[in-house]
Structures are given as C-alpha cells and as structure tokens.
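S.K.: Below you will find the structure I want to go over with you.
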Amino acid sequence: MSAVSEIPRSKWRLKPGSWPKTLMLGGLILFLSLLLAFFPGWFAPYDPTAFDYNALLKGPSWAHPFGTDSFGRDVLSRVIHAYTIDMQIAVFATTGPFIFGTLVGAFVGYAGGWTEIVFGRIVDAVLTFPFLVLVIAVVSVLGPGLGNMYVAIGVVGWVFYARIVAAEVKVQKRLDYADAGRVMGYTSTRIVFRHLLPNAITPAIVYWMTDMALAILLGSSLGYLGLGAQPPASEWGVQIADGKNYMTTAWWISVFPGISIVLTGLGFSLAGDGVAELLRIRR
C-alpha cells in the first residue's frame, strides 16, 4: 500500500447498529418544525396579523384553540407563523459563525505560534463578558432588527467554533498521516482541508446543532427586549412580550409561544445528541 493511500481524507464512520433514538425523535421534531416554517399557511386557521375586536383576550376554544391576544389575533396562527422566523434565526444566526469559525480554527490550529497566541487573547476577551451582554451591546449600537441581530451574533459567536476546531486540528496534525502528507510534499492547504479538517470538524458540527437551539432562545430573548424581530411580526419572543402584562388574565398569550420554544430547542438538542452518537472519530 502506498503512502498516499494511507493518508485518510476523513475518519468519520457511522456507529454500527440502529440509528440513535435521540436522533430519530429530534429529527421528527425538527421535520415538523420545518414543515410549519415552510408552509405555515397550510396549518394556520387565521391570518396572524388580522385584528378582531369582537374576540379580544378570548380563552382557548374550538374557534381559537390557543385563544386570542389583546388585539383579537389568533394565538395559534401567530405561533405557527413564528416558526418561519425562529427557524430562520436558528439557521442564519449560526451558519455564518460556524463557517468562519471553522476556517479560522483550522488555520490557527495548524499554524500555531504567534497566531495561536493572538487567538488566545481574543478568546479571553470574548469569554470575559457574558455572551448575551456582548450581543445586546452590539445590537444596541447597530439598532434593532433581525439583520443586525445576525451581525451581532456572528461578531461574537465564531470564536466558540474556532476554539473547538483549533483544538481538534492541533491534535490531528501530530498524527502519522499528517506527517506523511508533509513528507510527500503536500501543500499546507491540501493537508488542512482534505485531511485534517474533515477529521476535526465533528465536534463543531455537534456544537452547531446545539447552538441552533441556543440561537432560538437568544432570538426570542432579543425579541422580548425589543432588539430582535419587531412587532407586528409573529415571533415567539415578541408574542411573550405582548402577553407579559396579561399573565394573570390571559396566560395563553405567552405560555403557548414559550412551549414552542422549549419543544423546538429540545428537537435541536436531541438531534445534536444523536449526531454525536453517529459521528465517531477513529483513533
């Protein structure tokens, strides 16, 4: 066998046996969530922004299973349409940091030296402050809105992916197959992107799945504070904020969006656990 064939391009493998139950359950929840996100009009019985002043603060009933809010809007319809925005938040708020952080982490982990020292100082600076505080600070400067929220999360969030990938690449580059590539004259770009990174990215993918759940929580928190999605948009955080003054008289306005946040976050968490069981790095 030649030295080239001994250099693995990827060390991922599927764990023998049946698929993890956590992945199947999480995948089912996410499938239903995506179905509601892409086709909310199929399931929502009413227009989520339509006012009905004859049905103000009505409790759950056959006509309005989740009740109505202070403007007579159907809460069920607003919860369903909120899947579109909140699933968008989960994807858009994490994909950019995942890609950029992975690239930076691969470079830092392979190069080492002064790049690792500089990156370490950046990590220390970011971890000094709570993540939510940093995001709120950036959004406050840029202004409220989903676009600025994505920018704020991206400015801070990439550091966590870069730290994970850098640590894994640093381990992988010491293995025999990386040394074999250098001896055979492979370029650093080929070694990193065709051999090291595919074997080091698994923990980042698992973290990405969990981070999507955290992004929904963060997006809802910013929406509640008025820094994320703006009224009258159907977004779970905005809905909870709309119902905060009616918790004793119209609890359904805030409770049902809160349940949706928990269920969707649970779906991402279970899927992340399932992916962690499926993807294994051969040592």
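The way I read the labels, and the way they are meant: chains A, B, ... in the order of the structure tokens, residue 1 as the first residue of every chain, and ligand 1 as the first ligand shown, with later ones counted on from there.
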May I have the residues within 8 Å of Val126 in chain A as a list in words, using only C-alpha atoms and disregarding those fewer than 3 positions away in the same chain?
M.R.: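 Result of the neighbour search: Ile122, Val123, Phe129, Phe131, Val156 and Val159 of chain A.
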S.K.: Please provide the set of residues having any atom within 12 Å of Asn54 in chain A, restricted to only C-alpha atoms, with same-chain residues fewer than 6 positions apart removed, written as number ranges by chain.
M.R.: A: 68-73
S.K.: Output N, CA and C atoms for every residue in the selection just made, as a tab-separated table (two decimals), in the first residue's frame.
M.R.:
```tsv
chain	number	residue	atom	x	y	z
A	68	THR	N	-56.95	34.10	21.96
A	68	THR	CA	-56.61	35.31	21.20
A	68	THR	C	-55.87	36.28	22.10
A	69	ASP	N	-55.21	37.27	21.47
A	69	ASP	CA	-54.44	38.23	22.25
A	69	ASP	C	-55.24	39.53	22.43
A	70	SER	N	-54.56	40.56	22.87
A	70	SER	CA	-55.24	41.82	23.19
A	70	SER	C	-55.77	42.55	21.96
A	71	PHE	N	-55.36	42.12	20.77
A	71	PHE	CA	-55.88	42.71	19.53
A	71	PHE	C	-56.85	41.76	18.83
A	72	GLY	N	-57.17	40.66	19.46
A	72	GLY	CA	-58.07	39.69	18.86
A	72	GLY	C	-57.41	38.78	17.85
A	73	ARG	N	-56.08	38.80	17.77
A	73	ARG	CA	-55.37	37.94	16.82
A	73	ARG	C	-55.31	36.51	17.36
```
S.K.: Which polymer residues have any atom within 7 Å of an atom of Ala82 in chain A, counting only C-alpha atoms, with same-chain residues fewer than 6 positions away left out, as an NGL selection string?
M.R.: :A and (234-236)
S.K.: Keeping N, CA and C atoms, export the residues of the selection given above as a PDB file, in the first residue's frame.
M.R.:
```
ATOM      1  N   SER A 234     -44.732  37.900  13.687  1.00  0.00           N
ATOM      2  CA  SER A 234     -45.050  36.729  14.506  1.00  0.00           C
ATOM      3  C   SER A 234     -43.745  36.048  14.904  1.00  0.00           C
ATOM      4  N   GLU A 235     -43.277  36.326  16.077  1.00  0.00           N
ATOM      5  CA  GLU A 235     -42.039  35.734  16.606  1.00  0.00           C
ATOM      6  C   GLU A 235     -42.292  35.427  18.071  1.00  0.00           C
ATOM      7  N   TRP A 236     -41.782  34.297  18.539  1.00  0.00           N
ATOM      8  CA  TRP A 236     -42.144  33.821  19.873  1.00  0.00           C
ATOM      9  C   TRP A 236     -41.767  34.805  20.973  1.00  0.00           C
TER      10      TRP A 236
END
```
S.K.: Can you tell me how far CA of Gly27 in chain A sits from CA of Ala44 in chain A, in Å to one decimal?
M.R.: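 If I compute the distance from CA of Gly27 in chain A to CA of Ala44 in chain A, I get 22.4 Å.
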S.K.: In Å, rounded to a single decimal, give me how far CA of Pro203 in chain A is from CA of Leu103 in chain A.
M.R.: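 Computed distance, CA of Leu103 in chain A to CA of Pro203 in chain A, equals 14.3 Å.
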S.K.: If we count only C-alpha atoms, what is near Val104 in chain A at a cut-off of 7 Å, once residues fewer than 4 positions away on the same chain are taken out, given as a ChimeraX atom specification?
M.R.: /A:100,108,162
S.K.: For the selection just defined, write its residues with all heavy atoms to a file, as a tab-separated table (two decimals), in the first residue's frame.
M.R.:
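For reference, part_28.tsv as written:
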```
chain	number	residue	atom	x	y	z
A	100	PHE	N	-17.15	30.58	9.32
A	100	PHE	CA	-15.99	31.44	9.55
A	100	PHE	C	-15.14	30.92	10.71
A	100	PHE	O	-13.91	30.89	10.62
A	100	PHE	CB	-16.47	32.86	9.86
A	100	PHE	CG	-15.35	33.85	10.06
A	100	PHE	CD1	-14.58	34.28	8.99
A	100	PHE	CD2	-15.07	34.35	11.33
A	100	PHE	CE1	-13.54	35.18	9.17
A	100	PHE	CE2	-14.03	35.25	11.52
A	100	PHE	CZ	-13.27	35.67	10.44
A	108	VAL	N	-5.59	28.50	12.70
A	108	VAL	CA	-4.90	28.69	13.97
A	108	VAL	C	-4.33	27.37	14.48
A	108	VAL	O	-3.17	27.30	14.93
A	108	VAL	CB	-5.84	29.30	15.02
A	108	VAL	CG1	-5.21	29.30	16.41
A	108	VAL	CG2	-6.23	30.72	14.61
A	162	ALA	N	-14.27	28.39	16.40
A	162	ALA	CA	-12.83	28.42	16.11
A	162	ALA	C	-12.04	27.73	17.22
A	162	ALA	O	-11.07	27.01	16.94
A	162	ALA	CB	-12.37	29.87	15.95
```
S.K.: Go through range 42-283 of chain A and collect every residue that DSSP, computed from the backbone, puts in alpha helix (DSSP H); the answer should be as a PyMOL selection string.
M.R.: chain A and resi 42-43+75-111+113-128+131-142+146-172+176-183+188-190+197-200+202-225+236-243+252-278
S.K.: For Gly112 in chain A, find every residue with an atom within 10 Å (counting only C-alpha atoms), except residues of its own chain fewer than 6 positions away, and show them as a PyMOL selection string.
M.R.: chain A and resi 118-119+166+170
S.K.: Could those selected residues go to a file with all heavy atoms, as a PDB file, in the first residue's frame?
M.R.:
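Everything below was put into result.pdb:
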```
ATOM      1  N   VAL A 118      -2.282  35.123  19.605  1.00  0.00           N
ATOM      2  CA  VAL A 118      -3.238  36.200  19.333  1.00  0.00           C
ATOM      3  C   VAL A 118      -4.670  35.695  19.473  1.00  0.00           C
ATOM      4  O   VAL A 118      -5.526  36.363  20.074  1.00  0.00           O
ATOM      5  CB  VAL A 118      -3.010  36.778  17.916  1.00  0.00           C
ATOM      6  CG1 VAL A 118      -4.115  37.766  17.548  1.00  0.00           C
ATOM      7  CG2 VAL A 118      -1.642  37.440  17.829  1.00  0.00           C
ATOM      8  N   PHE A 119      -4.930  34.517  18.927  1.00  0.00           N
ATOM      9  CA  PHE A 119      -6.272  33.950  19.024  1.00  0.00           C
ATOM     10  C   PHE A 119      -6.644  33.691  20.482  1.00  0.00           C
ATOM     11  O   PHE A 119      -7.792  33.910  20.894  1.00  0.00           O
ATOM     12  CB  PHE A 119      -6.354  32.656  18.218  1.00  0.00           C
ATOM     13  CG  PHE A 119      -7.691  31.971  18.318  1.00  0.00           C
ATOM     14  CD1 PHE A 119      -8.813  32.518  17.724  1.00  0.00           C
ATOM     15  CD2 PHE A 119      -7.812  30.778  19.024  1.00  0.00           C
ATOM     16  CE1 PHE A 119     -10.046  31.887  17.814  1.00  0.00           C
ATOM     17  CE2 PHE A 119      -9.045  30.143  19.118  1.00  0.00           C
ATOM     18  CZ  PHE A 119     -10.157  30.696  18.511  1.00  0.00           C
ATOM     19  N   ALA A 166      -9.803  24.540  16.347  1.00  0.00           N
ATOM     20  CA  ALA A 166      -8.362  24.717  16.547  1.00  0.00           C
ATOM     21  C   ALA A 166      -7.791  23.636  17.449  1.00  0.00           C
ATOM     22  O   ALA A 166      -6.715  23.090  17.178  1.00  0.00           O
ATOM     23  CB  ALA A 166      -8.081  26.102  17.138  1.00  0.00           C
ATOM     24  N   LYS A 170      -5.144  20.817  16.105  1.00  0.00           N
ATOM     25  CA  LYS A 170      -3.862  20.747  16.790  1.00  0.00           C
ATOM     26  C   LYS A 170      -3.517  19.309  17.174  1.00  0.00           C
ATOM     27  O   LYS A 170      -2.350  18.887  17.126  1.00  0.00           O
ATOM     28  CB  LYS A 170      -3.910  21.630  18.041  1.00  0.00           C
ATOM     29  CG  LYS A 170      -2.565  21.881  18.687  1.00  0.00           C
ATOM     30  CD  LYS A 170      -2.693  22.888  19.821  1.00  0.00           C
ATOM     31  CE  LYS A 170      -1.351  23.147  20.489  1.00  0.00           C
ATOM     32  NZ  LYS A 170      -1.479  24.139  21.596  1.00  0.00           N
TER      33      LYS A 170
END
```
S.K.: Give me the residues within 10 Å of Trp252 in chain A as JSON, numbers by chain, counting only C-alpha atoms and dropping any in the same chain fewer than 3 places off.
M.R.: {"A": [57, 58, 59, 60, 65, 66, 67, 68, 69, 75, 76, 240, 243, 246, 247, 248, 249, 255, 256, 257, 258]}
S.K.: Using only all heavy atoms, please write the residues we just selected to a file, as a short mmCIF file (atom, residue, chain, number, x, y, z; two decimals), in the first residue's frame.
M.R.:
```cif
data_model
loop_
_atom_site.label_atom_id
_atom_site.label_comp_id
_atom_site.auth_asym_id
_atom_site.auth_seq_id
_atom_site.Cartn_x
_atom_site.Cartn_y
_atom_site.Cartn_z
N LEU A 57 -58.84 38.92 23.83
CA LEU A 57 -58.45 38.15 25.02
C LEU A 57 -59.40 36.99 25.30
O LEU A 57 -59.74 36.70 26.45
CB LEU A 57 -58.37 39.08 26.25
CG LEU A 57 -57.36 40.22 26.16
CD1 LEU A 57 -57.45 41.11 27.39
CD2 LEU A 57 -55.94 39.67 26.00
N LYS A 58 -59.81 36.30 24.25
CA LYS A 58 -60.65 35.11 24.41
C LYS A 58 -59.78 33.91 24.76
O LYS A 58 -58.70 33.71 24.21
CB LYS A 58 -61.42 34.83 23.11
CG LYS A 58 -62.43 35.91 22.73
CD LYS A 58 -63.57 35.99 23.74
CE LYS A 58 -64.62 36.99 23.28
NZ LYS A 58 -65.75 37.09 24.23
N GLY A 59 -60.25 33.12 25.70
CA GLY A 59 -59.51 31.94 26.11
C GLY A 59 -59.56 30.84 25.06
O GLY A 59 -60.28 30.95 24.06
N PRO A 60 -58.74 29.77 25.25
CA PRO A 60 -58.75 28.66 24.29
C PRO A 60 -60.15 28.10 24.08
O PRO A 60 -60.90 27.90 25.04
CB PRO A 60 -57.83 27.63 24.95
CG PRO A 60 -56.90 28.45 25.80
CD PRO A 60 -57.75 29.58 26.32
N PRO A 65 -58.09 27.57 19.32
CA PRO A 65 -57.52 26.58 20.24
C PRO A 65 -56.50 27.14 21.22
O PRO A 65 -56.37 26.64 22.34
CB PRO A 65 -56.89 25.55 19.30
CG PRO A 65 -57.65 25.68 18.04
CD PRO A 65 -57.98 27.13 17.92
N PHE A 66 -55.74 28.16 20.82
CA PHE A 66 -54.75 28.78 21.71
C PHE A 66 -55.23 30.14 22.22
O PHE A 66 -54.46 30.88 22.81
CB PHE A 66 -53.41 28.96 20.98
CG PHE A 66 -52.64 27.68 20.80
CD1 PHE A 66 -53.17 26.45 21.13
CD2 PHE A 66 -51.34 27.71 20.28
CE1 PHE A 66 -52.46 25.27 20.96
CE2 PHE A 66 -50.62 26.53 20.10
CZ PHE A 66 -51.17 25.32 20.44
N GLY A 67 -56.49 30.47 21.99
CA GLY A 67 -57.02 31.74 22.45
C GLY A 67 -56.65 32.88 21.52
O GLY A 67 -56.10 32.69 20.43
N THR A 68 -56.95 34.10 21.96
CA THR A 68 -56.61 35.31 21.20
C THR A 68 -55.87 36.28 22.10
O THR A 68 -55.91 36.18 23.32
CB THR A 68 -57.87 35.99 20.64
OG1 THR A 68 -58.71 36.40 21.73
CG2 THR A 68 -58.67 35.05 19.75
N ASP A 69 -55.21 37.27 21.47
CA ASP A 69 -54.44 38.23 22.25
C ASP A 69 -55.24 39.53 22.43
O ASP A 69 -56.44 39.58 22.15
CB ASP A 69 -53.08 38.50 21.62
CG ASP A 69 -53.19 39.10 20.21
OD1 ASP A 69 -54.30 39.51 19.81
OD2 ASP A 69 -52.17 39.16 19.51
N VAL A 75 -53.87 33.28 18.50
CA VAL A 75 -52.54 32.94 19.03
C VAL A 75 -51.97 31.71 18.32
O VAL A 75 -50.77 31.66 18.03
CB VAL A 75 -52.61 32.71 20.55
CG1 VAL A 75 -51.26 32.20 21.09
CG2 VAL A 75 -53.00 33.99 21.27
N LEU A 76 -52.81 30.72 18.01
CA LEU A 76 -52.33 29.54 17.31
C LEU A 76 -51.72 29.92 15.96
O LEU A 76 -50.63 29.43 15.60
CB LEU A 76 -53.47 28.54 17.11
CG LEU A 76 -53.14 27.31 16.24
CD1 LEU A 76 -52.00 26.50 16.86
CD2 LEU A 76 -54.39 26.44 16.07
N ILE A 240 -44.39 36.60 23.55
CA ILE A 240 -44.28 36.53 25.01
C ILE A 240 -44.28 37.93 25.61
O ILE A 240 -44.91 38.19 26.64
CB ILE A 240 -43.01 35.75 25.42
CG1 ILE A 240 -43.14 34.28 24.99
CG2 ILE A 240 -42.77 35.85 26.92
CD1 ILE A 240 -41.89 33.47 25.22
N GLY A 243 -47.72 39.35 25.80
CA GLY A 243 -48.59 38.79 26.84
C GLY A 243 -48.10 38.96 28.25
O GLY A 243 -48.75 38.50 29.20
N TYR A 246 -50.50 40.32 30.77
CA TYR A 246 -51.78 39.63 30.89
C TYR A 246 -51.62 38.22 31.47
O TYR A 246 -52.49 37.37 31.28
CB TYR A 246 -52.45 39.52 29.51
CG TYR A 246 -52.69 40.84 28.83
CD1 TYR A 246 -51.77 41.33 27.89
CD2 TYR A 246 -53.81 41.59 29.12
CE1 TYR A 246 -51.98 42.54 27.25
CE2 TYR A 246 -54.04 42.81 28.48
CZ TYR A 246 -53.11 43.28 27.56
OH TYR A 246 -53.33 44.49 26.92
N MET A 247 -50.51 37.98 32.17
CA MET A 247 -50.24 36.64 32.66
C MET A 247 -51.30 36.13 33.62
O MET A 247 -51.58 34.93 33.69
CB MET A 247 -48.86 36.59 33.33
CG MET A 247 -47.71 36.59 32.36
SD MET A 247 -47.73 35.20 31.19
CE MET A 247 -47.58 33.81 32.30
N THR A 248 -51.92 37.01 34.37
CA THR A 248 -52.94 36.57 35.34
C THR A 248 -54.33 36.47 34.72
O THR A 248 -55.20 35.78 35.27
CB THR A 248 -53.00 37.54 36.53
OG1 THR A 248 -53.27 38.87 36.05
CG2 THR A 248 -51.68 37.54 37.29
N THR A 249 -54.54 37.13 33.60
CA THR A 249 -55.87 37.13 32.99
C THR A 249 -55.91 36.43 31.63
O THR A 249 -56.95 35.91 31.24
CB THR A 249 -56.37 38.58 32.80
OG1 THR A 249 -55.43 39.31 32.02
CG2 THR A 249 -56.54 39.26 34.16
N VAL A 255 -47.80 31.64 27.20
CA VAL A 255 -47.47 30.25 27.52
C VAL A 255 -47.26 29.41 26.27
O VAL A 255 -46.28 28.65 26.16
CB VAL A 255 -48.56 29.63 28.41
CG1 VAL A 255 -48.38 28.12 28.52
CG2 VAL A 255 -48.51 30.25 29.81
N PHE A 256 -48.14 29.52 25.29
CA PHE A 256 -48.03 28.68 24.10
C PHE A 256 -46.79 28.99 23.26
O PHE A 256 -46.12 28.07 22.78
CB PHE A 256 -49.30 28.77 23.26
CG PHE A 256 -50.47 28.05 23.90
CD1 PHE A 256 -51.59 28.76 24.31
CD2 PHE A 256 -50.45 26.69 24.10
CE1 PHE A 256 -52.66 28.12 24.91
CE2 PHE A 256 -51.52 26.02 24.70
CZ PHE A 256 -52.63 26.75 25.10
N PRO A 257 -46.42 30.26 23.06
CA PRO A 257 -45.12 30.52 22.41
C PRO A 257 -43.95 29.97 23.22
O PRO A 257 -42.97 29.48 22.64
CB PRO A 257 -45.07 32.05 22.33
CG PRO A 257 -46.49 32.48 22.35
CD PRO A 257 -47.19 31.51 23.24
N GLY A 258 -44.04 30.06 24.54
CA GLY A 258 -42.97 29.51 25.38
C GLY A 258 -42.83 28.01 25.21
O GLY A 258 -41.71 27.48 25.15
#
```
S.K.: Using only C-alpha atoms, which protein or nucleic acid residues come within 7 Å of Glu277 in chain A? Drop anything in the same chain fewer than 3 positions from it, and give the result as an MDAnalysis selection string.
M.R.: chainID A and resid 20 273:274
S.K.: Would you write out those residues with N, CA, C and O atoms, as a PDB file, in the first residue's frame?
M.R.:
```pdb
ATOM      1  N   PRO A  20     -29.606   6.167  16.513  1.00  0.00           N
ATOM      2  CA  PRO A  20     -29.933   6.547  17.892  1.00  0.00           C
ATOM      3  C   PRO A  20     -31.364   7.063  18.008  1.00  0.00           C
ATOM      4  O   PRO A  20     -31.848   7.802  17.137  1.00  0.00           O
ATOM      5  N   ASP A 273     -27.458  15.386  20.087  1.00  0.00           N
ATOM      6  CA  ASP A 273     -27.002  14.191  20.802  1.00  0.00           C
ATOM      7  C   ASP A 273     -26.945  12.987  19.870  1.00  0.00           C
ATOM      8  O   ASP A 273     -26.029  12.165  19.950  1.00  0.00           O
ATOM      9  N   GLY A 274     -27.939  12.884  18.982  1.00  0.00           N
ATOM     10  CA  GLY A 274     -27.940  11.773  18.039  1.00  0.00           C
ATOM     11  C   GLY A 274     -26.784  11.843  17.058  1.00  0.00           C
ATOM     12  O   GLY A 274     -26.158  10.825  16.748  1.00  0.00           O
TER      13      GLY A 274
END
```
S.K.: What is the CA of His195 in chain A-CA of Arg121 in chain A distance in Å, reported with one decimal?
M.R.: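 Those two atoms sit 27.8 Å apart.
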